[in-house]
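Data from entry.cif: mmCIF, C-alpha atoms
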```cif
data_structure
loop_
_atom_site.label_atom_id
_atom_site.label_comp_id
_atom_site.auth_asym_id
_atom_site.auth_seq_id
_atom_site.Cartn_x
_atom_site.Cartn_y
_atom_site.Cartn_z
CA MET A 1 13.29 17.26 17.61
CA THR A 2 14.47 20.62 16.35
CA ILE A 3 13.87 22.38 13.08
CA ASN A 4 17.00 21.81 11.07
CA ALA A 5 17.86 21.57 7.39
CA GLU A 6 17.55 17.79 7.38
CA ASN A 7 14.01 17.82 8.79
CA LEU A 8 12.92 20.65 6.47
CA GLY A 9 14.24 18.73 3.48
CA LYS A 10 11.81 15.90 4.26
CA LEU A 11 8.84 18.21 3.68
CA LYS A 12 7.38 18.03 0.16
CA TYR A 13 7.39 21.81 -0.23
CA PHE A 14 11.14 21.91 0.18
CA ALA A 15 12.22 18.75 -1.63
CA GLY A 16 15.17 19.25 -3.93
CA LEU A 17 16.63 22.25 -2.11
CA GLU A 18 20.31 22.40 -1.22
CA PRO A 19 21.26 21.99 2.47
CA GLY A 20 22.51 25.57 2.52
CA GLN A 21 19.19 26.88 1.24
CA LEU A 22 17.33 24.83 3.83
CA SER A 23 19.58 26.05 6.65
CA ASN A 24 18.81 29.64 5.76
CA MET A 25 15.08 28.95 6.08
CA THR A 26 14.98 27.26 9.48
CA LEU A 27 14.43 30.48 11.46
CA LEU A 28 11.22 31.18 9.53
CA PHE A 29 9.49 28.11 11.00
CA THR A 30 7.95 27.44 14.37
CA GLU A 31 7.45 24.00 15.82
CA LYS A 32 4.59 22.81 18.01
CA ALA A 33 3.78 19.41 19.47
CA PHE A 34 0.20 18.19 19.71
CA VAL A 35 -1.08 15.27 21.73
CA LYS A 36 -3.36 12.53 20.48
CA GLY A 37 -6.84 13.87 19.77
CA GLN A 38 -5.87 17.53 20.10
CA THR A 39 -7.41 19.98 17.65
CA ILE A 40 -4.77 21.79 15.62
CA ILE A 41 -7.11 23.96 13.57
CA ALA A 42 -10.89 24.14 13.87
CA GLU A 43 -13.08 24.69 10.81
CA ASP A 44 -13.56 28.43 10.14
CA ASP A 45 -10.50 29.38 12.17
CA VAL A 46 -8.51 32.18 10.59
CA ASN A 47 -4.91 31.06 10.42
CA GLU A 48 -2.36 32.20 7.85
CA GLN A 49 0.27 29.55 8.40
CA VAL A 50 0.98 26.56 6.21
CA HIS A 51 1.28 23.58 8.53
CA PHE A 52 3.65 20.69 7.83
CA VAL A 53 3.53 17.33 9.57
CA SER A 54 7.02 16.49 10.79
CA SER A 55 5.93 13.42 12.74
CA GLY A 56 2.63 11.72 13.47
CA VAL A 57 -0.59 11.80 11.50
CA VAL A 58 -3.18 14.55 11.22
CA LYS A 59 -6.81 13.95 10.34
CA ILE A 60 -8.44 16.52 8.07
CA PHE A 61 -12.22 16.45 8.25
CA LYS A 62 -15.46 18.35 8.00
CA THR A 63 -18.33 18.07 10.45
CA SER A 64 -21.98 18.49 9.52
CA SER A 65 -24.47 20.46 11.61
CA GLU A 66 -25.73 17.08 12.91
CA GLY A 67 -22.24 16.21 14.04
CA LYS A 68 -21.47 13.73 11.27
CA GLU A 69 -17.83 13.60 10.34
CA GLN A 70 -16.40 13.19 6.85
CA ILE A 71 -12.69 12.51 6.71
CA ILE A 72 -11.17 14.43 3.82
CA LYS A 73 -7.70 12.97 4.10
CA LEU A 74 -4.94 11.95 6.46
CA VAL A 75 -1.84 14.11 6.39
CA ARG A 76 1.32 12.12 6.90
CA PRO A 77 4.91 13.19 7.63
CA GLY A 78 6.23 15.50 4.93
CA GLU A 79 2.77 16.65 3.83
CA SER A 80 1.03 19.96 4.46
CA PHE A 81 -2.37 21.34 5.40
CA ASN A 82 -4.04 24.72 5.80
CA ASP A 83 -2.50 25.70 2.43
CA ILE A 84 -5.87 26.94 1.13
CA PRO A 85 -6.33 29.85 3.57
CA VAL A 86 -2.71 30.85 3.09
CA PHE A 87 -2.94 31.14 -0.70
CA ASN A 88 -6.62 32.05 -0.98
CA GLN A 89 -7.08 33.89 2.32
CA GLY A 90 -10.14 33.41 4.47
CA PRO A 91 -11.09 30.89 7.13
CA CYS A 92 -9.89 27.30 7.11
CA PRO A 93 -12.49 25.15 5.33
CA TYR A 94 -11.84 22.06 7.46
CA SER A 95 -10.72 20.92 10.88
CA ALA A 96 -7.37 19.31 11.63
CA GLN A 97 -6.83 16.98 14.56
CA ALA A 98 -3.78 15.03 15.70
CA LEU A 99 -4.67 11.36 15.33
CA GLY A 100 -1.70 10.41 17.50
CA ASN A 101 0.99 12.60 19.04
CA ALA A 102 2.23 14.87 16.26
CA VAL A 103 4.90 17.50 15.69
CA ILE A 104 3.92 20.30 13.34
CA TYR A 105 6.12 22.89 11.63
CA ARG A 106 4.46 26.15 10.63
CA ILE A 107 5.43 29.05 8.42
CA ASP A 108 3.60 32.37 8.07
CA ARG A 109 2.16 33.50 4.76
CA LYS A 110 4.26 36.67 5.00
CA ASP A 111 7.43 34.55 5.08
CA LEU A 112 6.37 31.87 2.61
CA LEU A 113 5.26 34.09 -0.27
CA PRO A 114 8.59 35.95 -0.62
CA MET A 115 10.35 32.59 -0.44
CA MET A 116 8.19 31.29 -3.30
CA LYS A 117 8.83 34.45 -5.28
CA SER A 118 12.57 33.97 -5.08
CA ASN A 119 12.71 30.19 -5.37
CA TRP A 120 10.98 28.37 -8.21
CA THR A 121 11.58 24.93 -6.68
CA VAL A 122 9.53 25.85 -3.62
CA THR A 123 6.82 27.34 -5.82
CA ALA A 124 6.63 24.26 -8.04
CA ASN A 125 6.55 21.97 -5.00
CA ALA A 126 3.78 24.04 -3.39
CA LEU A 127 1.75 23.98 -6.61
CA ALA A 128 2.18 20.22 -6.85
CA ALA A 129 1.07 19.75 -3.24
CA VAL A 130 -2.03 21.92 -3.67
CA ALA A 131 -2.84 20.29 -7.02
CA GLU A 132 -2.61 16.85 -5.41
CA GLN A 133 -5.05 17.97 -2.72
CA SER A 134 -7.43 19.33 -5.38
CA ARG A 135 -7.32 16.05 -7.28
CA LEU A 136 -8.17 14.14 -4.12
CA LEU A 137 -11.05 16.49 -3.31
CA LEU A 138 -12.48 16.11 -6.81
CA GLN A 139 -12.32 12.33 -6.45
CA LEU A 140 -14.19 12.63 -3.17
CA VAL A 141 -16.83 14.87 -4.78
CA GLU A 142 -17.30 12.29 -7.53
CA ASP A 143 -17.64 9.45 -5.05
CA LEU A 144 -20.07 11.27 -2.78
CA SER A 145 -22.15 12.86 -5.55
CA PHE A 146 -22.37 10.39 -8.39
CA LYS A 147 -21.83 6.94 -6.95
CA ASN A 148 -24.36 5.07 -4.92
CA VAL A 149 -21.66 3.86 -2.60
CA THR A 150 -24.04 2.92 0.21
CA GLY A 151 -25.94 0.68 -2.22
CA ARG A 152 -22.73 -0.94 -3.37
CA VAL A 153 -21.55 -1.46 0.19
CA ALA A 154 -24.93 -2.96 1.08
CA LYS A 155 -24.52 -5.42 -1.79
CA ILE A 156 -20.98 -6.32 -0.72
CA LEU A 157 -22.14 -6.99 2.83
CA LEU A 158 -24.93 -9.26 1.60
CA GLN A 159 -22.58 -11.13 -0.73
CA HIS A 160 -19.98 -11.70 1.98
CA SER A 161 -22.17 -12.50 4.94
CA VAL A 162 -22.89 -15.87 6.43
CA PRO A 163 -25.39 -16.90 9.08
CA GLY A 164 -23.76 -16.09 12.43
CA PRO A 165 -22.14 -16.23 14.72
CA GLU A 166 -18.86 -17.86 13.61
CA GLY A 167 -16.87 -18.76 10.53
CA ALA A 168 -17.60 -15.74 8.37
CA PRO A 169 -15.06 -14.58 5.79
CA ARG A 170 -13.30 -11.43 6.91
CA LEU A 171 -13.23 -8.21 4.96
CA THR A 172 -11.44 -4.92 5.63
CA GLN A 173 -12.80 -1.48 4.81
CA TYR A 174 -10.02 -1.11 2.23
CA GLU A 175 -11.18 -4.30 0.53
CA MET A 176 -14.78 -3.08 0.56
CA ALA A 177 -13.61 0.23 -0.92
CA ALA A 178 -11.73 -1.55 -3.69
CA MET A 179 -14.82 -3.63 -4.48
CA ALA A 180 -17.10 -0.58 -4.46
CA GLY A 181 -14.67 1.47 -6.54
CA THR A 182 -14.29 4.19 -3.98
CA ALA A 183 -12.11 5.41 -1.13
CA ARG A 184 -11.97 3.85 2.31
CA GLU A 185 -13.19 7.12 3.85
CA VAL A 186 -16.38 6.93 1.76
CA VAL A 187 -16.98 3.31 2.77
CA GLY A 188 -16.57 4.34 6.39
CA ARG A 189 -19.24 6.97 5.92
CA SER A 190 -21.57 4.45 4.26
CA LEU A 191 -21.12 1.93 7.04
CA LYS A 192 -21.90 4.63 9.59
CA ALA A 193 -25.05 5.52 7.63
CA LEU A 194 -26.08 1.87 7.55
CA GLU A 195 -25.46 1.56 11.28
CA ASP A 196 -27.41 4.75 12.01
CA GLY A 197 -30.24 3.45 9.83
CA GLY A 198 -30.41 0.22 11.82
CA ALA A 199 -29.34 -2.03 8.93
CA ILE A 200 -26.17 -3.24 10.58
CA ARG A 201 -24.62 -3.31 14.03
CA LEU A 202 -20.90 -3.10 14.69
CA GLU A 203 -19.72 -5.30 17.54
CA GLY A 204 -15.95 -4.92 17.60
CA HIS A 205 -14.56 -6.95 14.71
CA ARG A 206 -18.00 -8.37 13.92
CA MET A 207 -20.48 -6.67 11.63
CA VAL A 208 -23.97 -7.99 12.22
CA ILE A 209 -26.58 -7.58 9.52
CA VAL A 210 -29.72 -6.70 11.43
CA ASP A 211 -32.07 -5.74 8.61
CA LYS A 212 -31.35 -7.86 5.55
CA GLU A 213 -34.41 -6.65 3.64
CA TYR A 214 -33.37 -3.03 4.00
CA LEU A 215 -29.89 -3.86 2.73
CA LYS A 216 -31.42 -5.68 -0.26
CA GLN A 217 -33.53 -2.65 -0.98
CA LEU A 218 -30.48 -0.35 -0.87
CA ALA A 219 -28.54 -2.75 -3.06
CA GLY A 220 -31.37 -2.83 -5.62
CA LEU A 221 -31.88 -6.55 -5.12
CA ASN A 222 -35.58 -6.41 -4.35
CA MET B 1 -7.79 -14.01 23.95
CA THR B 2 -8.98 -10.74 22.46
CA ILE B 3 -9.19 -10.32 18.70
CA LYS B 4 -6.46 -8.03 17.42
CA PRO B 5 -5.61 -6.44 14.07
CA VAL B 6 -3.85 -8.62 11.51
CA PHE B 7 -0.22 -7.64 10.98
CA ASP B 8 1.94 -8.53 7.97
CA GLU B 9 5.53 -7.84 8.98
CA THR B 10 6.75 -8.15 5.38
CA LYS B 11 4.73 -5.08 4.38
CA CYS B 12 5.70 -2.95 7.38
CA ASP B 13 8.08 -0.07 6.68
CA GLY B 14 8.61 0.63 10.38
CA CYS B 15 7.20 4.17 10.28
CA GLY B 16 5.53 3.62 13.65
CA LEU B 17 2.48 5.76 12.93
CA CYS B 18 0.20 2.90 13.98
CA VAL B 19 1.83 2.83 17.42
CA THR B 20 1.23 6.55 17.90
CA VAL B 21 -2.50 6.28 17.17
CA CYS B 22 -3.28 2.98 18.92
CA ARG B 23 -5.89 3.62 21.61
CA CYS B 24 -5.58 0.36 23.56
CA GLY B 25 -1.85 -0.24 23.69
CA ALA B 26 -1.99 -3.31 21.46
CA LEU B 27 0.85 -2.04 19.28
CA GLU B 28 4.41 -1.46 20.37
CA MET B 29 7.62 -0.61 18.59
CA GLN B 30 10.34 -3.08 19.55
CA ASN B 31 13.73 -2.59 17.89
CA ASP B 32 12.16 -0.61 15.04
CA VAL B 33 9.65 -3.37 14.36
CA VAL B 34 5.95 -3.19 15.20
CA LYS B 35 4.73 -5.89 17.55
CA ILE B 36 1.18 -6.74 18.47
CA ILE B 37 0.90 -7.48 22.16
CA GLU B 38 -1.83 -8.98 24.27
CA VAL B 39 -4.30 -6.46 25.65
CA ALA B 40 -7.54 -6.88 27.56
CA HIS B 41 -9.65 -5.30 24.87
CA CYS B 42 -9.03 -3.93 21.39
CA GLY B 43 -12.00 -1.68 20.56
CA TRP B 44 -11.52 -2.20 16.80
CA CYS B 45 -11.25 1.53 16.22
CA MET B 46 -9.30 0.79 13.01
CA ASP B 47 -7.09 3.86 13.42
CA CYS B 48 -3.99 1.67 12.90
CA GLU B 49 -5.37 0.38 9.60
CA LEU B 50 -6.34 3.93 8.63
CA VAL B 51 -2.84 5.36 9.07
CA CYS B 52 -0.90 2.38 7.71
CA ALA B 53 0.28 3.44 4.26
CA THR B 54 1.61 0.01 3.30
CA GLY B 55 -1.36 -2.16 4.22
CA ALA B 56 0.67 -4.03 6.83
CA LEU B 57 -2.07 -3.64 9.42
CA GLN B 58 -5.57 -4.79 8.67
CA CYS B 59 -8.75 -4.80 10.72
CA PRO B 60 -11.05 -7.19 8.90
CA PHE B 61 -14.69 -7.61 9.84
CA GLU B 62 -16.60 -10.83 10.11
CA ILE B 63 -19.91 -10.16 8.40
CA VAL B 64 -22.70 -12.22 9.86
CA THR B 65 -26.46 -12.20 9.51
CA LEU B 66 -29.04 -12.43 12.22
CA ASP B 67 -31.26 -15.09 10.69
CA THR B 68 -33.86 -15.82 13.28
#
```
Would it be possible to restate this file's structure as structure tokens?
Amino acid sequence: MTINAENLGKLKYFAGLEPGQLSNMTLLFTEKAFVKGQTIIAEDDVNEQVHFVSSGVVKIFKTSSEGKEQIIKLVRPGESFNDIPVFNQGPCPYSAQALGNAVIYRIDRKDLLPMMKSNWTVTANALAAVAEQSRLLLQLVEDLSFKNVTGRVAKILLQHSVPGPEGAPRLTQYEMAAMAGTAREVVGRSLKALEDGGAIRLEGHRMVIVDKEYLKQLAGLN
Amino acid sequence: MTIKPVFDETKCDGCGLCVTVCRCGALEMQNDVVKIIEVAHCGWCMDCELVCATGALQCPFEIVTLDT
């Protein structure tokens, strides 16, 4: 895959531009392929390039000092990451890893800013992309700070469990998230916390409730 | 037969992201359509569900209690 006007036009930053405008920009971008699991940017790296996913999926996440991972978002084709250090300058506040094989386009701050100065469409698109990311982060802050998601997830597990080992109703993490009024990423974190705390055990597609009393306590049912 | 993710072909937009992230080879793209194939062991990593924007792929859990 090469960087051409058609591929650039699929990126949110450059939506609505004329083919001629896009063609003139192609030389400002570099392309790099990453393999599944490869780190693209590590947290605190200094990198002044906006990255665009041309193909594949990139996981954006933070890691705690204990090694716990919180997924911030998945970046899909057409979307961008590492915008914050480019506009705000400073180290990257998160890590980015290719979830599968991915092709990334990159543009330097020194090339992007003049482009934004001369082209309002690019500026408006960039603002919209960054604003969308801010909205998502605020939602995540709300979920992690104000909602007792682990308690809600504990209650959902109790409500939907049956004595093992067979015949239980099946529930996805998305469905649990919808029930708990939160994002799937937050449910994933709660399930990991419950597993680490010995309340549940994950055995492939089976979730075994090991400590029912503890779950009841978390759910406020005691 | 190993348990595999649940696939709803009517919701699939053929983006193929699930195939690129699948760790066990259970997903293949055949003529622009995702197919679930038999593998020895799906580790239920749920990456396919995570990247699927349309909800075509689902990895549901059976929730069971250990009542002894």
- Just say which residues the PyMOL selection byres ((chain A) within 7 of (chain B)) picks in this file, as a list in words.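 Against this file, the PyMOL selection byres ((chain A) within 7 of (chain B)) returns the residues Gly56, Val57, Leu99, Gly100, Asn101, Leu157, His160, Ser161, Val162, Pro163, Gly164, Pro165, Ala168, Pro169, Arg170, Leu171, Thr172, Gly204, His205, Arg206, Met207, Val208, Ile209 and Val210 of chain A.
Counting only C-alpha atoms, the residue from A:Leu136, A:Leu74, A:Leu144, A:Ile200 that sits nearest to A:Leu158 is A:Ile200.
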- Task: Please identify all polymer residues lying at most 12 Å from the point (-18.5, 4.1, 8.5) (file coordinates), using all atoms listed in the file, and present the result as a ChimeraX atom specification.
- Result: /A:68-71,149-150,153,172-174,176-177,183-197,200-202,207 /B:45-46
Just the residues within 8 Å of A:Phe81, please, counting all atoms listed in the file, with nothing from its chain fewer than 2 positions along; format it as a PDB file with C-alpha atoms, keeping the file's coordinate frame.
```
ATOM      1  CA  VAL A  50       0.980  26.560   6.210  1.00  0.00           C
ATOM      2  CA  HIS A  51       1.280  23.580   8.530  1.00  0.00           C
ATOM      3  CA  PHE A  52       3.650  20.690   7.830  1.00  0.00           C
ATOM      4  CA  VAL A  75      -1.840  14.110   6.390  1.00  0.00           C
ATOM      5  CA  GLU A  79       2.770  16.650   3.830  1.00  0.00           C
ATOM      6  CA  ASP A  83      -2.500  25.700   2.430  1.00  0.00           C
ATOM      7  CA  ILE A  84      -5.870  26.940   1.130  1.00  0.00           C
TER       8      ILE A  84
END
```
- Query: Which is closest to B:Lys11 among B:Ala40, B:Ala56, B:Met29, B:Val34, if we use all atoms listed in the file?
  - Reply: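 Closest to B:Lys11 of all the choices is B:Ala56.
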- Selection under test: the PyMOL selection byres ((chain A and resi 120-135) around 10); residues as number ranges by chain: A: 11-17, 72-73, 79-81, 83-84, 87, 112-113, 115-119, 136-141
- Could you name the residues that touch A:Gly151 at 10 Å or less, counting only C-alpha atoms, but leaving out those on the same chain fewer than 3 positions away, as an NGL selection string? :A and (147-148 or 154-157 or 180 or 190 or 194 or 215-221)
- Any idea what the distance is between atom CA of B:Cys52 and atom CA of A:Lys32? 23.5 Å
Go through the shown structure with the PyMOL selection byres ((chain B and resi 37) around 7) and write out the matching residues as a PDB file with C-alpha atoms, keeping the file's coordinate frame.
```pdb
ATOM      1  CA  ALA B  26      -1.990  -3.310  21.460  1.00  0.00           C
ATOM      2  CA  LEU B  27       0.850  -2.040  19.280  1.00  0.00           C
ATOM      3  CA  LYS B  35       4.730  -5.890  17.550  1.00  0.00           C
ATOM      4  CA  ILE B  36       1.180  -6.740  18.470  1.00  0.00           C
ATOM      5  CA  GLU B  38      -1.830  -8.980  24.270  1.00  0.00           C
ATOM      6  CA  VAL B  39      -4.300  -6.460  25.650  1.00  0.00           C
TER       7      VAL B  39
END
```
- Message: Just the number, please: distance in Å from atom CA of A:Ser55 to atom CA of A:Arg76, one decimal.
- Response: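 Atom CA of A:Arg76 lies at a distance of 7.6 Å from atom CA of A:Ser55.
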- A straight line from atom CA of A:Ser145 to atom CA of A:Ala178 spans 17.9 Å
